[in-house]
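Data block for entry-v6.cif (mmCIF, C-alpha atoms and all ligand atoms):
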```
data_query
#
loop_
_atom_site.group_PDB
_atom_site.id
_atom_site.type_symbol
_atom_site.label_atom_id
_atom_site.label_comp_id
_atom_site.auth_asym_id
_atom_site.auth_seq_id
_atom_site.Cartn_x
_atom_site.Cartn_y
_atom_site.Cartn_z
ATOM 1 C CA MET A 360 7.560 3.295 17.549
ATOM 2 C CA LYS A 361 9.687 4.224 14.574
ATOM 3 C CA ILE A 362 7.432 3.971 11.515
ATOM 4 C CA LEU A 363 8.289 4.348 7.824
ATOM 5 C CA ILE A 364 5.335 5.446 5.678
ATOM 6 C CA ILE A 365 6.014 5.196 1.954
ATOM 7 C CA GLY A 366 3.581 7.456 0.149
ATOM 8 C CA GLY A 367 3.103 9.362 3.406
ATOM 9 C CA ASN A 368 2.451 12.617 1.540
ATOM 10 C CA GLY A 369 -0.261 11.163 -0.724
ATOM 11 C CA THR A 370 -4.033 11.516 -0.423
ATOM 12 C CA ILE A 371 -4.400 8.604 2.013
ATOM 13 C CA GLY A 372 -0.802 8.707 3.242
ATOM 14 C CA LYS A 373 -0.984 12.197 4.639
ATOM 15 C CA VAL A 374 -3.921 11.470 6.949
ATOM 16 C CA VAL A 375 -2.323 8.211 8.110
ATOM 17 C CA THR A 376 0.965 10.060 8.701
ATOM 18 C CA ASN A 377 -0.869 12.748 10.623
ATOM 19 C CA TYR A 378 -2.443 10.111 12.879
ATOM 20 C CA PHE A 379 0.730 8.154 13.656
ATOM 21 C CA SER A 380 2.942 11.267 14.018
ATOM 22 C CA ASP A 381 1.156 12.153 17.228
ATOM 23 C CA LYS A 382 2.775 9.416 19.322
ATOM 24 C CA ASN A 383 5.464 7.916 17.073
ATOM 25 C CA GLU A 384 8.540 8.849 15.082
ATOM 26 C CA VAL A 385 7.406 8.820 11.444
ATOM 27 C CA ILE A 386 9.689 8.799 8.404
ATOM 28 C CA ILE A 387 8.042 9.520 5.051
ATOM 29 C CA GLY A 388 9.322 7.896 1.863
ATOM 30 C CA GLY A 389 8.488 8.901 -1.702
ATOM 31 C CA ARG A 390 9.989 9.588 -5.115
ATOM 32 C CA THR A 391 9.659 13.366 -5.123
ATOM 33 C CA ASN A 392 9.142 14.344 -1.499
ATOM 34 C CA GLY A 393 9.449 13.030 2.041
ATOM 35 C CA ASN A 394 12.331 12.367 4.421
ATOM 36 C CA VAL A 395 13.851 9.540 2.387
ATOM 37 C CA SER A 396 13.827 9.108 -1.366
ATOM 38 C CA VAL A 397 12.560 5.817 -2.793
ATOM 39 C CA ASP A 398 11.013 4.417 -5.940
ATOM 40 C CA ILE A 399 9.455 1.120 -4.887
ATOM 41 C CA ALA A 400 9.552 -0.086 -8.509
ATOM 42 C CA ASP A 401 13.363 -0.313 -8.154
ATOM 43 C CA SER A 402 14.672 -2.798 -5.568
ATOM 44 C CA ASN A 403 18.077 -1.044 -5.413
ATOM 45 C CA SER A 404 16.285 2.139 -4.449
ATOM 46 C CA ILE A 405 14.484 0.212 -1.675
ATOM 47 C CA LYS A 406 17.818 -1.151 -0.365
ATOM 48 C CA LYS A 407 19.336 2.356 -0.332
ATOM 49 C CA MET A 408 16.315 3.741 1.513
ATOM 50 C CA PHE A 409 16.660 1.157 4.311
ATOM 51 C CA GLU A 410 20.360 2.023 4.684
ATOM 52 C CA GLN A 411 19.177 5.508 5.594
ATOM 53 C CA THR A 412 16.255 4.617 7.865
ATOM 54 C CA GLY A 413 18.010 2.123 10.132
ATOM 55 C CA LYS A 414 15.909 -0.357 12.124
ATOM 56 C CA LEU A 415 12.163 0.248 12.203
ATOM 57 C CA ASP A 416 9.177 -1.026 14.164
ATOM 58 C CA ALA A 417 6.664 -0.693 11.348
ATOM 59 C CA ILE A 418 6.705 -0.220 7.583
ATOM 60 C CA ILE A 419 3.560 1.069 5.900
ATOM 61 C CA CYS A 420 3.283 1.341 2.120
ATOM 62 C CA ILE A 421 0.484 3.550 0.766
ATOM 63 C CA ALA A 422 2.028 3.841 -2.692
ATOM 64 C CA GLY A 423 2.223 1.942 -5.926
ATOM 65 C CA GLU A 424 0.882 2.485 -9.410
ATOM 66 C CA ALA A 425 -0.918 0.509 -12.083
ATOM 67 C CA LYS A 426 -2.159 1.695 -15.454
ATOM 68 C CA TRP A 427 -5.902 2.231 -15.861
ATOM 69 C CA ALA A 428 -7.217 1.818 -19.424
ATOM 70 C CA ASP A 429 -9.722 -0.211 -21.414
ATOM 71 C CA PHE A 430 -8.775 -3.872 -21.663
ATOM 72 C CA ASN A 431 -8.361 -3.643 -25.449
ATOM 73 C CA GLU A 432 -5.999 -0.685 -25.106
ATOM 74 C CA LEU A 433 -3.679 -2.063 -22.433
ATOM 75 C CA THR A 434 -0.450 -3.288 -23.960
ATOM 76 C CA GLU A 435 1.804 -5.909 -22.407
ATOM 77 C CA GLU A 436 4.158 -3.079 -21.366
ATOM 78 C CA ASP A 437 1.260 -1.309 -19.658
ATOM 79 C CA TYR A 438 0.676 -4.344 -17.445
ATOM 80 C CA TYR A 439 4.337 -4.279 -16.391
ATOM 81 C CA ILE A 440 3.785 -0.851 -14.780
ATOM 82 C CA GLY A 441 1.487 -2.407 -12.190
ATOM 83 C CA LEU A 442 3.546 -5.569 -11.894
ATOM 84 C CA LYS A 443 6.760 -3.616 -11.222
ATOM 85 C CA SER A 444 5.343 -0.817 -9.069
ATOM 86 C CA LYS A 445 2.307 -1.827 -7.051
ATOM 87 C CA LEU A 446 2.892 -5.600 -7.015
ATOM 88 C CA MET A 447 6.651 -6.284 -6.975
ATOM 89 C CA GLY A 448 7.320 -2.910 -5.333
ATOM 90 C CA GLN A 449 5.343 -4.046 -2.299
ATOM 91 C CA VAL A 450 6.599 -7.645 -2.457
ATOM 92 C CA ASN A 451 10.169 -6.279 -2.480
ATOM 93 C CA LEU A 452 9.376 -4.062 0.491
ATOM 94 C CA VAL A 453 8.528 -7.221 2.436
ATOM 95 C CA ARG A 454 11.501 -9.214 1.061
ATOM 96 C CA ILE A 455 14.032 -6.505 1.838
ATOM 97 C CA GLY A 456 12.233 -4.647 4.625
ATOM 98 C CA GLN A 457 11.935 -7.680 6.939
ATOM 99 C CA ASN A 458 15.683 -7.363 7.579
ATOM 100 C CA ASN A 459 15.246 -3.753 8.680
ATOM 101 C CA LEU A 460 12.541 -4.414 11.232
ATOM 102 C CA ASN A 461 12.948 -4.961 14.950
ATOM 103 C CA PRO A 462 11.523 -8.293 16.225
ATOM 104 C CA ASN A 463 7.702 -8.305 16.322
ATOM 105 C CA GLY A 464 7.549 -5.461 13.831
ATOM 106 C CA SER A 465 4.930 -5.150 11.131
ATOM 107 C CA ILE A 466 4.609 -4.454 7.429
ATOM 108 C CA THR A 467 1.357 -3.044 6.055
ATOM 109 C CA LEU A 468 0.716 -2.969 2.312
ATOM 110 C CA SER A 469 -2.065 -1.275 0.342
ATOM 111 C CA THR A 470 -4.376 -2.614 -2.347
ATOM 112 C CA GLY A 471 -8.014 -1.629 -2.899
ATOM 113 C CA ILE A 472 -11.587 -2.642 -3.574
ATOM 114 C CA LEU A 473 -10.809 -3.479 -7.227
ATOM 115 C CA ALA A 474 -9.476 -6.862 -6.071
ATOM 116 C CA ASP A 475 -13.019 -7.906 -5.131
ATOM 117 C CA ASP A 476 -15.251 -5.461 -6.990
ATOM 118 C CA PRO A 477 -13.520 -4.278 -10.182
ATOM 119 C CA VAL A 478 -14.810 -1.492 -12.405
ATOM 120 C CA VAL A 479 -14.044 -0.947 -16.094
ATOM 121 C CA LYS A 480 -10.474 -0.022 -17.088
ATOM 122 C CA THR A 481 -8.979 -1.947 -14.152
ATOM 123 C CA THR A 482 -7.876 -5.329 -15.496
ATOM 124 C CA SER A 483 -4.307 -4.427 -14.552
ATOM 125 C CA ALA A 484 -5.030 -2.651 -11.257
ATOM 126 C CA ALA A 485 -7.521 -5.300 -10.090
ATOM 127 C CA MET A 486 -5.092 -8.086 -11.000
ATOM 128 C CA VAL A 487 -2.189 -6.740 -8.939
ATOM 129 C CA ASN A 488 -4.460 -6.072 -5.970
ATOM 130 C CA GLY A 489 -5.680 -9.665 -6.033
ATOM 131 C CA ALA A 490 -2.126 -10.967 -6.354
ATOM 132 C CA LEU A 491 -1.083 -8.959 -3.302
ATOM 133 C CA HIS A 492 -3.953 -10.436 -1.274
ATOM 134 C CA SER A 493 -2.689 -13.927 -2.054
ATOM 135 C CA PHE A 494 0.922 -12.901 -1.366
ATOM 136 C CA VAL A 495 0.131 -11.521 2.090
ATOM 137 C CA GLN A 496 -1.746 -14.658 3.147
ATOM 138 C CA ALA A 497 1.131 -16.870 1.981
ATOM 139 C CA VAL A 498 4.064 -14.839 3.327
ATOM 140 C CA ALA A 499 2.474 -14.708 6.795
ATOM 141 C CA LEU A 500 3.021 -18.481 7.012
ATOM 142 C CA GLU A 501 6.779 -18.106 6.646
ATOM 143 C CA ILE A 502 7.993 -14.721 7.827
ATOM 144 C CA LYS A 503 10.222 -14.908 10.912
ATOM 145 C CA ASN A 504 11.050 -12.896 14.063
ATOM 146 C CA GLY A 505 7.415 -12.329 14.976
ATOM 147 C CA ILE A 506 6.995 -9.991 12.026
ATOM 148 C CA ARG A 507 3.418 -9.528 10.832
ATOM 149 C CA VAL A 508 2.370 -8.684 7.258
ATOM 150 C CA ASN A 509 -1.108 -7.361 6.469
ATOM 151 C CA VAL A 510 -2.731 -5.484 3.610
ATOM 152 C CA VAL A 511 -5.285 -2.692 3.801
ATOM 153 C CA SER A 512 -7.823 -2.786 0.980
ATOM 154 C CA LEU A 513 -9.904 0.391 0.871
ATOM 155 C CA GLY A 514 -12.823 1.464 -1.229
ATOM 156 C CA MET A 515 -12.660 4.881 -2.912
ATOM 157 C CA VAL A 516 -11.840 7.300 -0.097
ATOM 158 C CA GLN A 517 -13.631 10.564 0.657
ATOM 159 C CA ASP A 518 -10.592 12.715 -0.163
ATOM 160 C CA ALA A 519 -10.325 11.132 -3.647
ATOM 161 C CA TYR A 520 -14.061 11.235 -4.394
ATOM 162 C CA GLU A 521 -13.861 14.002 -7.039
ATOM 163 C CA LYS A 522 -10.997 12.221 -8.823
ATOM 164 C CA TYR A 523 -12.601 8.764 -8.909
ATOM 165 C CA LYS A 524 -16.380 9.214 -8.611
ATOM 166 C CA ASP A 525 -17.084 8.698 -12.326
ATOM 167 C CA TYR A 526 -15.200 5.383 -12.279
ATOM 168 C CA PHE A 527 -17.151 4.071 -9.275
ATOM 169 C CA PRO A 528 -20.855 4.649 -9.944
ATOM 170 C CA GLY A 529 -22.933 3.927 -6.882
ATOM 171 C CA HIS A 530 -19.961 3.406 -4.578
ATOM 172 C CA ASN A 531 -19.981 5.071 -1.181
ATOM 173 C CA ALA A 532 -16.836 7.021 -0.322
ATOM 174 C CA ILE A 533 -14.918 5.703 2.678
ATOM 175 C CA SER A 534 -14.377 8.278 5.411
ATOM 176 C CA MET A 535 -10.747 9.175 6.064
ATOM 177 C CA LYS A 536 -11.237 8.093 9.703
ATOM 178 C CA LYS A 537 -12.205 4.584 8.553
ATOM 179 C CA ALA A 538 -9.229 4.557 6.175
ATOM 180 C CA ILE A 539 -6.850 5.516 8.987
ATOM 181 C CA ASN A 540 -8.307 2.787 11.183
ATOM 182 C CA GLY A 541 -7.397 0.142 8.604
ATOM 183 C CA TYR A 542 -3.747 1.018 9.086
ATOM 184 C CA VAL A 543 -4.111 1.339 12.865
ATOM 185 C CA ARG A 544 -5.649 -2.143 12.997
ATOM 186 C CA SER A 545 -2.688 -3.579 11.098
ATOM 187 C CA VAL A 546 0.089 -1.762 13.001
ATOM 188 C CA MET A 547 -1.354 -1.790 16.527
ATOM 189 C CA GLY A 548 -3.297 -5.083 16.385
ATOM 190 C CA LYS A 549 -1.919 -8.611 16.464
ATOM 191 C CA ARG A 550 -3.345 -10.156 13.308
ATOM 192 C CA ASN A 551 -0.976 -11.524 10.662
ATOM 193 C CA GLY A 552 -1.709 -12.295 7.023
ATOM 194 C CA GLU A 553 -4.963 -10.351 7.184
ATOM 195 C CA ILE A 554 -6.670 -8.620 4.275
ATOM 196 C CA ILE A 555 -8.230 -5.631 6.029
ATOM 197 C CA ARG A 556 -11.144 -4.788 3.772
ATOM 198 C CA ILE A 557 -12.860 -1.435 4.310
ATOM 199 C CA TYR A 558 -15.489 -1.103 1.602
ATOM 200 C CA ILE A 559 -18.459 0.491 3.418
HETATM 201 N N1 LIG J 1 -7.523 7.013 -3.369
HETATM 202 C C1 LIG J 1 -8.330 5.976 -3.181
HETATM 203 O O1 LIG J 1 -9.571 6.118 -3.102
HETATM 204 C C2 LIG J 1 -7.752 4.591 -3.035
HETATM 205 C C3 LIG J 1 -8.583 3.539 -2.652
HETATM 206 C C4 LIG J 1 -8.049 2.275 -2.514
HETATM 207 C C5 LIG J 1 -6.703 2.067 -2.744
HETATM 208 N N2 LIG J 1 -5.907 3.100 -3.115
HETATM 209 C C6 LIG J 1 -4.485 2.821 -3.327
HETATM 210 O O2 LIG J 1 -3.758 3.413 -2.269
HETATM 211 C C7 LIG J 1 -2.502 3.899 -2.761
HETATM 212 C C8 LIG J 1 -2.393 5.385 -2.450
HETATM 213 O O3 LIG J 1 -3.488 6.052 -3.051
HETATM 214 P P1 LIG J 1 -3.610 7.661 -3.001
HETATM 215 O O4 LIG J 1 -4.936 8.003 -3.546
HETATM 216 O O5 LIG J 1 -3.236 8.143 -1.647
HETATM 217 O O6 LIG J 1 -2.486 8.048 -4.063
HETATM 218 P P2 LIG J 1 -1.708 9.428 -4.285
HETATM 219 O O7 LIG J 1 -2.479 10.584 -3.734
HETATM 220 O O8 LIG J 1 -1.307 9.454 -5.718
HETATM 221 O O9 LIG J 1 -0.409 9.269 -3.387
HETATM 222 C C9 LIG J 1 0.532 8.269 -3.662
HETATM 223 C C10 LIG J 1 1.810 8.566 -2.880
HETATM 224 O O10 LIG J 1 2.720 7.509 -3.135
HETATM 225 C C11 LIG J 1 3.962 8.022 -3.631
HETATM 226 N N3 LIG J 1 4.406 7.081 -4.682
HETATM 227 C C12 LIG J 1 3.760 6.753 -5.834
HETATM 228 N N4 LIG J 1 4.479 5.876 -6.536
HETATM 229 C C13 LIG J 1 5.600 5.628 -5.810
HETATM 230 C C14 LIG J 1 6.732 4.816 -6.021
HETATM 231 N N5 LIG J 1 6.876 4.084 -7.143
HETATM 232 N N6 LIG J 1 7.692 4.787 -5.078
HETATM 233 C C15 LIG J 1 7.572 5.531 -3.964
HETATM 234 N N7 LIG J 1 6.514 6.328 -3.693
HETATM 235 C C16 LIG J 1 5.551 6.385 -4.628
HETATM 236 C C17 LIG J 1 3.646 9.414 -4.173
HETATM 237 O O11 LIG J 1 4.713 10.315 -4.008
HETATM 238 P P3 LIG J 1 5.814 10.552 -5.166
HETATM 239 O O12 LIG J 1 5.030 10.855 -6.416
HETATM 240 O O13 LIG J 1 6.633 11.654 -4.624
HETATM 241 O O14 LIG J 1 6.554 9.266 -5.250
HETATM 242 C C18 LIG J 1 2.485 9.853 -3.269
HETATM 243 O O15 LIG J 1 2.968 10.467 -2.092
HETATM 244 C C19 LIG J 1 -2.471 3.585 -4.260
HETATM 245 O O16 LIG J 1 -1.773 2.390 -4.464
HETATM 246 C C20 LIG J 1 -3.931 3.427 -4.592
HETATM 247 O O17 LIG J 1 -4.127 2.554 -5.680
HETATM 248 C C21 LIG J 1 -6.392 4.358 -3.259
#
```

Please rewrite the model in this file as structure tokens.
Amino acid sequence: MKILIIGGNGTIGKVVTNYFSDKNEVIIGGRTNGNVSVDIADSNSIKKMFEQTGKLDAIICIAGEAKWADFNELTEEDYYIGLKSKLMGQVNLVRIGQNNLNPNGSITLSTGILADDPVVKTTSAAMVNGALHSFVQAVALEIKNGIRVNVVSLGMVQDAYEKYKDYFPGHNAISMKKAINGYVRSVMGKRNGEIIRIYI
């Protein structure tokens, strides 16, 4: 398979890339590194990226940002970071990317546990994750050519434990093997419109 992994050099992305690179052709997308340059917050950048990749069998996005801050400190502009990057960035990947997939291809998005189990400072991040869960369930009803769209929603992963542990008191870190398997389930399985939750 020819697989595009946006964010393929990130904390989660690099282990997922490592897994799929064994038996597939993997193209990594990112703003500052990778094989193709893309900022998912900019739909023109997404269009230009697909001109370079050609037709694909799978698109995986393990990228997208939202601002973390106390509710009373988040400005309206702060919310637009998450809306433009993590939410519309991934919606636009499906809108535009469907035309760059071979029949029966798949698109896998990324959200996270905050959609179901938010912690403080995440009104923006939790909100966009929840919106993406609803989007994926709805778009699966309409997308054509046998294309499947799923979303992987992970808890705090082992490799990010030091960075996030103080934000997630009492949470168990998800092993990188379990994280990889979320993406494998989406790409190699047959389910469509699934929210693949891996929280324990
Ligand atoms: N870490 C966790 O425990 C965890 C748990 C659940 C969900 N998540 C979610 O999973 C995603 C990845 O997390 P991570 O911890 O692996 O993050 P990370 O280490 O910061 O890696 C993110 C990757 O995405 C790329 N990226 C970021 N913004 C981009 C954009 N606008 N356009 C294109 N590429 C972009 C980055 O490369 P460039 O900077 O070069 O663009 C980087 O390679 C995030 O959305 C995060 O919220 C993470």

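You can rank A:Thr370, A:Gln411, A:Asn488, A:Asn459 by their closest distance to Ser444 of chain A using all atoms listed in the file, and at the top of that list sits A:Asn488.
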
Residues within 7 Å of ligand LIG 1 (chain J) (only C-alpha atoms and all ligand atoms), as a ChimeraX atom specification?
-> /A:365-372,388-392,397-400,421-424,444-445,469-472,512-516,519-520

Would you list the contacts of segment 480-485 of chain A as a PDB file with C-alpha atoms, in the frame of the given file, taking every protein, DNA or RNA residue within 10 Å and counting all atoms listed in the file, but skipping same-chain residues closer than 2 positions in sequence?
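Output below, filename out-v9.pdb:
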```pdb
ATOM      1  CA  GLU A 424       0.882   2.485  -9.410  1.00  0.00           C
ATOM      2  CA  ALA A 425      -0.918   0.509 -12.083  1.00  0.00           C
ATOM      3  CA  LYS A 426      -2.159   1.695 -15.454  1.00  0.00           C
ATOM      4  CA  TRP A 427      -5.902   2.231 -15.861  1.00  0.00           C
ATOM      5  CA  ALA A 428      -7.217   1.818 -19.424  1.00  0.00           C
ATOM      6  CA  ASP A 429      -9.722  -0.211 -21.414  1.00  0.00           C
ATOM      7  CA  PHE A 430      -8.775  -3.872 -21.663  1.00  0.00           C
ATOM      8  CA  ASN A 431      -8.361  -3.643 -25.449  1.00  0.00           C
ATOM      9  CA  GLU A 432      -5.999  -0.685 -25.106  1.00  0.00           C
ATOM     10  CA  LEU A 433      -3.679  -2.063 -22.433  1.00  0.00           C
ATOM     11  CA  ASP A 437       1.260  -1.309 -19.658  1.00  0.00           C
ATOM     12  CA  TYR A 438       0.676  -4.344 -17.445  1.00  0.00           C
ATOM     13  CA  TYR A 439       4.337  -4.279 -16.391  1.00  0.00           C
ATOM     14  CA  ILE A 440       3.785  -0.851 -14.780  1.00  0.00           C
ATOM     15  CA  GLY A 441       1.487  -2.407 -12.190  1.00  0.00           C
ATOM     16  CA  LEU A 442       3.546  -5.569 -11.894  1.00  0.00           C
ATOM     17  CA  LYS A 445       2.307  -1.827  -7.051  1.00  0.00           C
ATOM     18  CA  LEU A 446       2.892  -5.600  -7.015  1.00  0.00           C
ATOM     19  CA  THR A 470      -4.376  -2.614  -2.347  1.00  0.00           C
ATOM     20  CA  GLY A 471      -8.014  -1.629  -2.899  1.00  0.00           C
ATOM     21  CA  ILE A 472     -11.587  -2.642  -3.574  1.00  0.00           C
ATOM     22  CA  LEU A 473     -10.809  -3.479  -7.227  1.00  0.00           C
ATOM     23  CA  ALA A 474      -9.476  -6.862  -6.071  1.00  0.00           C
ATOM     24  CA  ASP A 475     -13.019  -7.906  -5.131  1.00  0.00           C
ATOM     25  CA  ASP A 476     -15.251  -5.461  -6.990  1.00  0.00           C
ATOM     26  CA  PRO A 477     -13.520  -4.278 -10.182  1.00  0.00           C
ATOM     27  CA  VAL A 478     -14.810  -1.492 -12.405  1.00  0.00           C
ATOM     28  CA  VAL A 487      -2.189  -6.740  -8.939  1.00  0.00           C
ATOM     29  CA  ASN A 488      -4.460  -6.072  -5.970  1.00  0.00           C
ATOM     30  CA  GLY A 489      -5.680  -9.665  -6.033  1.00  0.00           C
ATOM     31  CA  ALA A 490      -2.126 -10.967  -6.354  1.00  0.00           C
ATOM     32  CA  TYR A 526     -15.200   5.383 -12.279  1.00  0.00           C
TER      33      TYR A 526
END
```

Please, what distance in Å, to one decimal, runs between atom CA of Gly413 of chain A and atom CA of Ser493 of chain A?
-> 28.9 Å

What is the atom CA of Val508 of chain A-atom CA of Asn461 of chain A distance in Å, reported with one decimal?
-> 13.6 Å

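Residues with any atom within 12 Å of Met547 of chain A, counting only C-alpha atoms and excluding same-chain neighbours fewer than 2 positions away, are Met360, Ile362, Phe379, Asn383, Asp416, Ala417, Asn463, Gly464, Ser465, Ile466, Thr467, Arg507, Asn509, Ile539, Asn540, Gly541, Tyr542, Val543, Arg544, Ser545, Lys549, Arg550 and Asn551 of chain A.
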
What does the distance between atom CA of Ile418 of chain A and atom CA of Ile559 of chain A come to in Å, to one decimal place?
->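 Those two atoms sit 25.5 Å apart.
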
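Shortest separation to Val375 of chain A among A:Glu435, A:Asn403, A:Gly448, A:Cys420 occurs at residue A:Cys420, atoms counted being all atoms listed in the file.
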
Which residue out of A:Leu491, A:Lys522, A:Ser404, A:Gln457 has the minimum interatomic distance to Gly505 of chain A when all atoms listed in the file are used?
->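 Ranking A:Leu491, A:Lys522, A:Ser404, A:Gln457 by distance to Gly505 of chain A, first place goes to A:Gln457.
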
From A:Val479, A:Leu468, A:Ala538, A:Ala532, residue lying nearest Glu553 of chain A [all atoms listed in the file] =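 Distance minimum relative to Glu553 of chain A lands on A:Leu468.
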
Step by step, gather every atom of segment 534-545 of chain A that the file lists, find the box along x, y and z that holds them, add 5 Å on each side, and finally give centre and edge lengths in Å to one decimal, as lines of an AutoDock Vina configuration file.
```
center_x = -8.5
center_y = 2.8
center_z = 9.2
size_x = 21.7
size_y = 22.8
size_z = 17.6
```

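If all atoms listed in the file are the atoms counted, then among A:Ser396, A:Ser402, A:Thr376, A:Thr434 the closest residue to Asn451 of chain A is A:Ser402.
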
Restricting the calculation to all atoms listed in the file, which member of A:Asn531, A:Lys414, A:Asp518, A:Ala499 is positioned closest to Tyr558 of chain A?
-> A:Asn531
